[in-house]
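Below: protein-v9.txt (compact mmCIF, C-alpha atoms and all ligand atoms)
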# COMPACT_ATOMS: atom_id res chain seq x y z
CA MET A 1 0.00 0.00 0.00
CA MET A 2 1.28 3.43 -0.81
CA ARG A 3 0.41 6.85 0.44
CA LEU A 4 2.22 9.31 -1.75
CA VAL A 5 2.55 13.05 -2.23
CA LEU A 6 3.75 14.44 -5.56
CA LEU A 7 5.56 17.72 -4.96
CA GLY A 8 6.90 20.17 -7.53
CA ALA A 9 6.45 23.51 -9.23
CA PRO A 10 3.56 24.07 -11.63
CA GLY A 11 4.48 22.37 -14.89
CA ALA A 12 6.96 20.00 -13.25
CA GLY A 13 4.95 17.06 -14.60
CA LYS A 14 3.07 15.97 -11.47
CA GLY A 15 -0.19 15.34 -13.35
CA THR A 16 1.50 13.43 -16.16
CA GLN A 17 3.38 11.23 -13.69
CA ALA A 18 0.25 10.76 -11.57
CA ALA A 19 -1.56 9.35 -14.61
CA LEU A 20 1.32 6.94 -15.29
CA ILE A 21 1.57 5.86 -11.64
CA LYS A 22 -2.17 5.28 -11.50
CA GLU A 23 -2.07 2.98 -14.54
CA ARG A 24 0.51 0.85 -12.78
CA TYR A 25 -0.61 0.89 -9.15
CA ASP A 26 -4.33 1.58 -9.04
CA LEU A 27 -4.17 4.26 -6.34
CA ALA A 28 -6.82 6.84 -5.57
CA HIS A 29 -5.60 10.05 -7.24
CA VAL A 30 -6.48 13.45 -5.81
CA SER A 31 -5.51 16.54 -7.80
CA THR A 32 -6.72 19.63 -5.96
CA GLY A 33 -6.24 21.72 -9.15
CA ASP A 34 -8.47 19.29 -11.10
CA ILE A 35 -11.13 19.45 -8.39
CA PHE A 36 -11.15 23.26 -8.55
CA ARG A 37 -11.33 23.22 -12.37
CA GLU A 38 -14.19 20.72 -12.28
CA ASN A 39 -16.05 22.90 -9.75
CA LEU A 40 -15.43 25.96 -11.88
CA LYS A 41 -16.78 24.20 -14.97
CA ASN A 42 -19.96 23.44 -13.02
CA SER A 43 -20.07 26.96 -11.51
CA THR A 44 -20.32 25.67 -7.93
CA PRO A 45 -19.72 28.14 -5.06
CA LEU A 46 -16.36 26.42 -4.43
CA GLY A 47 -15.39 26.83 -8.08
CA LEU A 48 -16.37 30.50 -8.11
CA GLU A 49 -14.45 31.16 -4.90
CA ALA A 50 -11.35 29.40 -6.23
CA LYS A 51 -11.46 31.18 -9.59
CA LYS A 52 -10.27 34.54 -8.29
CA TYR A 53 -7.17 32.97 -6.76
CA MET A 54 -6.47 30.67 -9.70
CA ASP A 55 -6.72 33.53 -12.22
CA ALA A 56 -4.22 35.55 -10.19
CA GLY A 57 -1.83 32.62 -9.82
CA GLN A 58 -2.37 32.69 -6.04
CA LEU A 59 -3.22 29.85 -3.68
CA VAL A 60 -6.79 29.20 -2.63
CA PRO A 61 -6.97 29.81 1.17
CA ASP A 62 -5.74 26.89 3.29
CA GLU A 63 -9.03 26.52 5.13
CA THR A 64 -10.99 25.92 1.91
CA VAL A 65 -8.45 23.48 0.47
CA MET A 66 -8.05 21.54 3.73
CA LYS A 67 -11.80 21.10 4.11
CA MET A 68 -12.03 19.80 0.56
CA VAL A 69 -9.10 17.39 0.93
CA GLY A 70 -10.34 16.25 4.35
CA GLU A 71 -13.62 15.22 2.73
CA LYS A 72 -11.81 13.36 -0.07
CA LEU A 73 -9.59 11.49 2.41
CA ALA A 74 -12.65 10.48 4.40
CA GLU A 75 -14.34 9.29 1.20
CA PHE A 76 -11.69 6.75 0.24
CA GLY A 77 -10.27 6.15 3.71
CA ALA A 78 -7.10 8.04 4.64
CA ASP A 79 -5.36 4.80 5.54
CA ASN A 80 -5.78 3.28 2.09
CA GLY A 81 -3.38 3.89 -0.76
CA PHE A 82 -3.56 7.31 -2.43
CA MET A 83 -1.59 9.83 -4.37
CA LEU A 84 -1.95 13.55 -3.73
CA ASP A 85 -1.02 15.80 -6.63
CA GLY A 86 -0.91 19.55 -5.92
CA PHE A 87 -1.54 19.12 -2.19
CA PRO A 88 -0.06 20.07 0.23
CA ARG A 89 1.24 23.41 -1.02
CA THR A 90 1.82 25.17 2.32
CA VAL A 91 3.26 24.12 5.66
CA ALA A 92 -0.21 24.51 7.24
CA GLN A 93 -1.62 22.06 4.68
CA ALA A 94 1.25 19.61 5.32
CA GLU A 95 0.62 19.75 9.08
CA PHE A 96 -3.07 19.17 8.48
CA LEU A 97 -2.27 16.11 6.36
CA GLU A 98 0.15 14.81 8.98
CA GLY A 99 -2.70 14.89 11.48
CA LYS A 100 -4.89 12.81 9.17
CA THR A 101 -2.63 10.03 7.96
CA LYS A 102 0.91 8.71 7.77
CA LEU A 103 2.65 9.11 4.40
CA ASP A 104 4.98 6.52 2.87
CA GLY A 105 6.84 8.96 0.64
CA VAL A 106 7.01 12.32 -1.09
CA ILE A 107 8.37 12.56 -4.61
CA LEU A 108 9.87 15.94 -5.48
CA PHE A 109 9.96 16.71 -9.21
CA ASN A 110 12.88 19.08 -9.77
CA VAL A 111 12.89 21.37 -12.79
CA SER A 112 14.31 24.84 -13.46
CA ASP A 113 12.11 27.94 -13.66
CA GLU A 114 13.21 28.61 -17.25
CA ALA A 115 12.19 25.12 -18.34
CA ILE A 116 8.81 25.58 -16.65
CA VAL A 117 8.06 28.90 -18.33
CA LYS A 118 8.97 27.34 -21.67
CA ARG A 119 6.89 24.20 -21.02
CA LEU A 120 3.78 26.00 -19.86
CA SER A 121 3.86 28.43 -22.81
CA SER A 122 2.87 25.51 -25.05
CA ARG A 123 0.96 23.24 -22.65
CA ALA A 124 -2.48 22.09 -23.72
CA VAL A 125 -5.03 19.78 -22.11
CA CYS A 126 -7.57 17.49 -23.78
CA ARG A 127 -11.17 18.55 -23.16
CA SER A 128 -12.31 14.98 -23.29
CA CYS A 129 -9.73 12.75 -21.55
CA GLY A 130 -7.62 15.31 -19.64
CA ASN A 131 -4.39 14.17 -21.27
CA VAL A 132 -1.70 16.86 -21.00
CA THR A 133 0.20 17.59 -24.19
CA ASN A 134 2.09 20.19 -26.16
CA LEU A 135 0.68 22.61 -28.73
CA ALA A 136 4.01 22.77 -30.52
CA GLU A 137 3.60 19.11 -31.49
CA HIS A 138 -0.15 18.46 -31.55
CA ASP A 139 -3.34 20.25 -32.53
CA LYS A 140 -5.64 17.42 -31.40
CA CYS A 141 -5.28 15.08 -28.41
CA PRO A 142 -2.72 12.40 -29.39
CA ALA A 143 -4.46 9.95 -27.02
CA CYS A 144 -8.12 10.27 -28.11
CA GLY A 145 -8.23 12.71 -31.05
CA GLU A 146 -10.45 15.25 -29.26
CA GLU A 147 -10.04 19.01 -28.96
CA LEU A 148 -7.25 20.58 -26.88
CA TYR A 149 -7.51 23.74 -24.76
CA VAL A 150 -5.03 26.00 -22.98
CA ARG A 151 -5.57 26.53 -19.23
CA ASP A 152 -6.49 30.14 -18.34
CA ASP A 153 -3.67 30.24 -15.81
CA ASP A 154 -0.99 29.10 -18.27
CA ASN A 155 -0.38 32.62 -19.62
CA GLU A 156 3.11 33.96 -18.92
CA GLN A 157 2.12 36.54 -16.30
CA THR A 158 0.12 34.05 -14.22
CA VAL A 159 2.85 31.43 -14.61
CA ARG A 160 5.35 33.90 -13.12
CA SER A 161 3.06 34.47 -10.09
CA ARG A 162 2.55 30.73 -9.68
CA LEU A 163 6.30 30.20 -9.68
CA LYS A 164 6.80 32.95 -7.12
CA VAL A 165 4.11 31.40 -4.92
CA PHE A 166 5.80 28.02 -5.31
CA HIS A 167 9.16 29.37 -4.14
CA GLU A 168 7.71 31.33 -1.23
CA GLN A 169 4.97 29.05 0.07
CA THR A 170 5.53 25.52 -1.20
CA GLU A 171 9.32 25.16 -1.22
CA PRO A 172 9.50 25.08 2.61
CA LEU A 173 7.81 21.67 2.31
CA ILE A 174 11.02 20.27 0.84
CA ASN A 175 12.74 20.62 4.21
CA PHE A 176 9.57 19.70 6.08
CA TYR A 177 9.55 16.29 4.38
CA ARG A 178 13.33 15.92 4.27
CA GLU A 179 13.42 16.23 8.07
CA ARG A 180 10.85 13.45 8.27
CA ASN A 181 12.93 11.23 5.96
CA LEU A 182 10.14 11.07 3.44
CA LEU A 183 11.63 13.06 0.55
CA HIS A 184 12.76 11.46 -2.72
CA GLU A 185 14.00 13.67 -5.56
CA VAL A 186 13.64 13.09 -9.28
CA ASP A 187 15.11 15.10 -12.16
CA ALA A 188 11.91 16.21 -13.88
CA GLY A 189 13.71 18.04 -16.66
CA GLN A 190 13.86 14.74 -18.54
CA LYS A 191 11.24 13.31 -20.92
CA PRO A 192 8.08 11.92 -19.24
CA ASP A 193 9.04 8.26 -19.79
CA GLU A 194 12.51 8.88 -18.36
CA VAL A 195 11.04 10.60 -15.32
CA PHE A 196 8.60 7.71 -14.90
CA ALA A 197 11.48 5.20 -14.98
CA CYS A 198 13.03 7.06 -12.02
CA VAL A 199 9.68 7.10 -10.21
CA LEU A 200 9.24 3.35 -10.70
CA LYS A 201 12.69 2.71 -9.31
CA LEU A 202 11.77 4.68 -6.18
CA LEU A 203 8.40 3.00 -5.76
CA ASN A 204 9.69 -0.52 -6.27
CA HIS A 205 12.45 0.16 -3.83
CA ASP A 206 10.02 1.50 -1.27
CA LYS A 207 7.36 -1.15 -1.59
CA ASN A 208 8.58 -3.48 1.13
P1 LIG B 301 -2.69 23.04 -10.32
O1 LIG B 301 -3.59 22.41 -11.31
O2 LIG B 301 -2.18 22.07 -9.30
O3 LIG B 301 -1.58 23.83 -10.96
O4 LIG B 301 -3.58 24.10 -9.50
C1 LIG B 301 -4.19 25.20 -10.15
C2 LIG B 301 -4.55 26.27 -9.14
O5 LIG B 301 -5.49 25.74 -8.18
C3 LIG B 301 -3.41 26.80 -8.30
O6 LIG B 301 -2.66 27.82 -8.96
C4 LIG B 301 -4.15 27.32 -7.07
O7 LIG B 301 -4.79 28.55 -7.33
C5 LIG B 301 -5.23 26.28 -6.88
N1 LIG B 301 -4.75 25.17 -6.01
C6 LIG B 301 -4.55 23.87 -6.36
N2 LIG B 301 -4.11 23.13 -5.32
C7 LIG B 301 -4.01 24.00 -4.27
C8 LIG B 301 -3.60 23.87 -2.91
N3 LIG B 301 -3.18 22.69 -2.40
N4 LIG B 301 -3.63 24.98 -2.13
C9 LIG B 301 -4.06 26.17 -2.60
N5 LIG B 301 -4.44 26.37 -3.87
C10 LIG B 301 -4.43 25.30 -4.72
Can you dump the structure from the file as structure tokens?
Amino acid sequence: MMRLVLLGAPGAGKGTQAALIKERYDLAHVSTGDIFRENLKNSTPLGLEAKKYMDAGQLVPDETVMKMVGEKLAEFGADNGFMLDGFPRTVAQAEFLEGKTKLDGVILFNVSDEAIVKRLSSRAVCRSCGNVTNLAEHDKCPACGEELYVRDDDNEQTVRSRLKVFHEQTEPLINFYRERNLLHEVDAGQKPDEVFACVLKLLNHDKN
């Protein structure tokens, strides 16, 4: 059983790796960003509240995110295997999670700011299957052939704010988890399949 956190800057490849890990290990996958986008699509009060922060490249307030994740953890049982992608993003969120369950590991996806700005300037997402791809190479989803769209918050100005927020508010989690001997680092500047090979090595090593 695995209880994992995927940690890394926006565009580090957490979502792409989460999809690959899920294919292999059948874990519950929680992406807080996906939950907010889904709520926004359905114009729920949560979605409308989150929108103002997302558009500005800021974090949704801890209280809102923790309530939402707390409900998710209760839904599938915090002691069962899961993978959190995009949560925690602040020390308060990490402490909250620590109070709920014991993690087996945290994978940190390392990639430079320049590479992220370049990546996100051409990132596109499939409207139908959610596959993340690149507009420089594809104009339709390479997985299912459906239409691609660009996330509202992937414009350069918002990406810069998201990176700043990552350095100021999320990076302290690196030491938080290092001190607890939970941190594993992966070079996420590589191609997705190369990154995944590193992830598999970590997970297989950790399994027992
Ligand atoms: P993501 O898809 O993970 O890049 O998240 C998109 C946006 O959703 C972020 O820029 C935040 O505005 C919001 N968000 C997602 N996860 C969190 C979180 N754990 N804490 C606060 N805000 C979040």
Using only C-alpha atoms and all ligand atoms, what are the residues with an atom within 8 Å of ligand LIG 301 (chain B), set out as a PyMOL selection string?
chain A and resi 10-11+31-34+36-37+50-51+53-62+65-66+85-90+93+153+162
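Atom pair CA of Val125 in chain A / CA of Glu38 in chain A has a distance of 13.5 Å (rounded to one decimal).
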Could you give me, as a list of chain:residue names, the residues within 10 Å of Asp79 in chain A, counting only C-alpha atoms and dropping anything in the same chain fewer than 3 positions from it?
A:Met1, A:Met2, A:Arg3, A:Leu73, A:Ala74, A:Phe76, A:Phe82, A:Lys100, A:Thr101, A:Lys102, A:Leu103
Do you know which residues are at most 12 Å from Asn181 in chain A counting all atoms listed in the file, after dropping those on the same chain fewer than 6 positions away, and could you put them as a short mmCIF file (atom, residue, chain, number, x, y, z; two decimals) with C-alpha atoms, keeping the file's coordinate frame?
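Okay, part-v3.cif is ready:
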data_model
loop_
_atom_site.label_atom_id
_atom_site.label_comp_id
_atom_site.auth_asym_id
_atom_site.auth_seq_id
_atom_site.Cartn_x
_atom_site.Cartn_y
_atom_site.Cartn_z
CA LEU A 103 2.65 9.11 4.40
CA ASP A 104 4.98 6.52 2.87
CA GLY A 105 6.84 8.96 0.64
CA VAL A 106 7.01 12.32 -1.09
CA ILE A 107 8.37 12.56 -4.61
CA ILE A 174 11.02 20.27 0.84
CA ASN A 175 12.74 20.62 4.21
#
Closest to Phe176 in chain A among A:Ala78, A:Leu6, A:Glu95, A:Leu202, using only C-alpha atoms?
A:Glu95
So which residues are close to (20.2, 13.0, -8.4), meaning at most 12 Å away in the file's coordinates with all atoms listed in the file counted, and can you show them as an MDAnalysis selection string?
chainID A and resid 108:111 184:189 195 198
Name the residues in contact with range 144-149 of chain A at a cut-off of 12 Å, using all atoms listed in the file, excluding same-chain residues fewer than 6 positions from it; report them as a ChimeraX atom specification.
/A:122-135,137-138
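Proximity of A:Gly81, A:Ala92, A:Cys141, A:Gly99 to Lys22 in chain A, computed with all atoms listed in the file, is greatest for A:Gly81.
Atom pair CA of Lys118 in chain A / CA of Arg178 in chain A has a distance of 28.7 Å (rounded to one decimal).
Reported to one decimal place, the separation of CA of Lys14 in chain A from CA of Lys72 in chain A is 18.9 Å.
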I need range 20-35 of chain A from the structure I supplied, saved as a compact mmCIF listing (two decimals), in the first residue's frame with all heavy atoms retained.
# COMPACT_ATOMS: atom_id res chain seq x y z
N LEU A 20 0.51 8.14 -15.03
CA LEU A 20 1.32 6.94 -15.29
C LEU A 20 1.37 6.03 -14.05
O LEU A 20 1.27 4.80 -14.16
CB LEU A 20 2.74 7.34 -15.71
CG LEU A 20 2.85 8.07 -17.06
CD1 LEU A 20 4.23 8.67 -17.26
CD2 LEU A 20 2.50 7.12 -18.21
N ILE A 21 1.51 6.64 -12.89
CA ILE A 21 1.57 5.86 -11.64
C ILE A 21 0.24 5.13 -11.42
O ILE A 21 0.20 3.96 -11.04
CB ILE A 21 1.90 6.76 -10.42
CG1 ILE A 21 3.30 7.38 -10.57
CG2 ILE A 21 1.80 5.99 -9.11
CD1 ILE A 21 3.61 8.49 -9.56
N LYS A 22 -0.83 5.83 -11.71
CA LYS A 22 -2.17 5.28 -11.50
C LYS A 22 -2.43 4.06 -12.39
O LYS A 22 -3.02 3.08 -11.95
CB LYS A 22 -3.20 6.37 -11.79
CG LYS A 22 -4.58 6.08 -11.24
CD LYS A 22 -5.44 7.30 -11.42
CE LYS A 22 -6.88 6.97 -11.57
NZ LYS A 22 -7.55 6.37 -10.48
N GLU A 23 -1.93 4.12 -13.63
CA GLU A 23 -2.07 2.98 -14.54
C GLU A 23 -1.41 1.74 -13.95
O GLU A 23 -1.89 0.63 -14.09
CB GLU A 23 -1.32 3.28 -15.84
CG GLU A 23 -2.21 3.70 -16.99
CD GLU A 23 -1.36 4.10 -18.19
OE1 GLU A 23 -0.34 3.42 -18.48
OE2 GLU A 23 -1.72 5.11 -18.81
N ARG A 24 -0.29 1.96 -13.28
CA ARG A 24 0.51 0.85 -12.78
C ARG A 24 0.05 0.35 -11.41
O ARG A 24 0.08 -0.83 -11.10
CB ARG A 24 1.97 1.34 -12.71
CG ARG A 24 3.01 0.31 -12.44
CD ARG A 24 3.27 -0.59 -13.61
NE ARG A 24 3.80 0.08 -14.78
CZ ARG A 24 5.01 -0.15 -15.30
NH1 ARG A 24 5.81 -1.01 -14.72
NH2 ARG A 24 5.40 0.48 -16.39
N TYR A 25 -0.37 1.26 -10.55
CA TYR A 25 -0.61 0.89 -9.15
C TYR A 25 -2.04 1.00 -8.65
O TYR A 25 -2.31 0.69 -7.51
CB TYR A 25 0.28 1.73 -8.22
CG TYR A 25 1.74 1.40 -8.34
CD1 TYR A 25 2.58 2.20 -9.10
CD2 TYR A 25 2.28 0.29 -7.70
CE1 TYR A 25 3.92 1.90 -9.22
CE2 TYR A 25 3.62 -0.02 -7.82
CZ TYR A 25 4.44 0.79 -8.58
OH TYR A 25 5.77 0.50 -8.69
N ASP A 26 -2.95 1.50 -9.46
CA ASP A 26 -4.33 1.58 -9.04
C ASP A 26 -4.52 2.26 -7.67
O ASP A 26 -5.07 1.69 -6.72
CB ASP A 26 -4.94 0.15 -9.00
CG ASP A 26 -6.45 0.20 -8.79
OD1 ASP A 26 -7.07 1.17 -9.24
OD2 ASP A 26 -6.99 -0.73 -8.14
N LEU A 27 -4.02 3.48 -7.58
CA LEU A 27 -4.17 4.26 -6.34
C LEU A 27 -5.26 5.31 -6.54
O LEU A 27 -5.45 5.78 -7.66
CB LEU A 27 -2.87 5.02 -6.04
CG LEU A 27 -1.63 4.21 -5.73
CD1 LEU A 27 -0.42 5.13 -5.66
CD2 LEU A 27 -1.83 3.49 -4.41
N ALA A 28 -5.92 5.70 -5.47
CA ALA A 28 -6.82 6.84 -5.57
C ALA A 28 -5.97 8.08 -5.86
O ALA A 28 -4.93 8.28 -5.24
CB ALA A 28 -7.56 7.02 -4.25
N HIS A 29 -6.38 8.88 -6.83
CA HIS A 29 -5.60 10.05 -7.24
C HIS A 29 -6.39 11.31 -6.93
O HIS A 29 -7.52 11.46 -7.38
CB HIS A 29 -5.31 9.95 -8.75
CG HIS A 29 -4.72 11.19 -9.35
ND1 HIS A 29 -4.90 11.54 -10.66
CD2 HIS A 29 -3.95 12.16 -8.81
CE1 HIS A 29 -4.26 12.68 -10.91
NE2 HIS A 29 -3.69 13.08 -9.80
N VAL A 30 -5.81 12.18 -6.12
CA VAL A 30 -6.48 13.45 -5.81
C VAL A 30 -5.64 14.60 -6.33
O VAL A 30 -4.53 14.81 -5.86
CB VAL A 30 -6.68 13.62 -4.29
CG1 VAL A 30 -7.35 14.96 -3.99
CG2 VAL A 30 -7.52 12.49 -3.72
N SER A 31 -6.16 15.32 -7.32
CA SER A 31 -5.51 16.54 -7.80
C SER A 31 -6.39 17.71 -7.37
O SER A 31 -7.51 17.86 -7.87
CB SER A 31 -5.35 16.51 -9.32
OG SER A 31 -5.22 17.85 -9.80
N THR A 32 -5.89 18.52 -6.45
CA THR A 32 -6.72 19.63 -5.96
C THR A 32 -7.00 20.62 -7.10
O THR A 32 -8.11 21.15 -7.20
CB THR A 32 -6.04 20.34 -4.77
OG1 THR A 32 -4.64 20.47 -5.03
CG2 THR A 32 -6.23 19.57 -3.50
N GLY A 33 -6.02 20.83 -8.00
CA GLY A 33 -6.24 21.72 -9.15
C GLY A 33 -7.37 21.19 -10.03
O GLY A 33 -8.25 21.96 -10.45
N ASP A 34 -7.39 19.88 -10.28
CA ASP A 34 -8.47 19.29 -11.10
C ASP A 34 -9.82 19.46 -10.42
O ASP A 34 -10.82 19.73 -11.08
CB ASP A 34 -8.22 17.78 -11.32
CG ASP A 34 -7.15 17.51 -12.37
OD1 ASP A 34 -6.70 18.47 -13.05
OD2 ASP A 34 -6.75 16.34 -12.52
N ILE A 35 -9.84 19.30 -9.10
CA ILE A 35 -11.13 19.45 -8.39
C ILE A 35 -11.63 20.89 -8.53
O ILE A 35 -12.81 21.12 -8.81
CB ILE A 35 -11.00 19.06 -6.89
CG1 ILE A 35 -10.53 17.61 -6.75
CG2 ILE A 35 -12.34 19.26 -6.17
CD1 ILE A 35 -10.29 17.18 -5.32
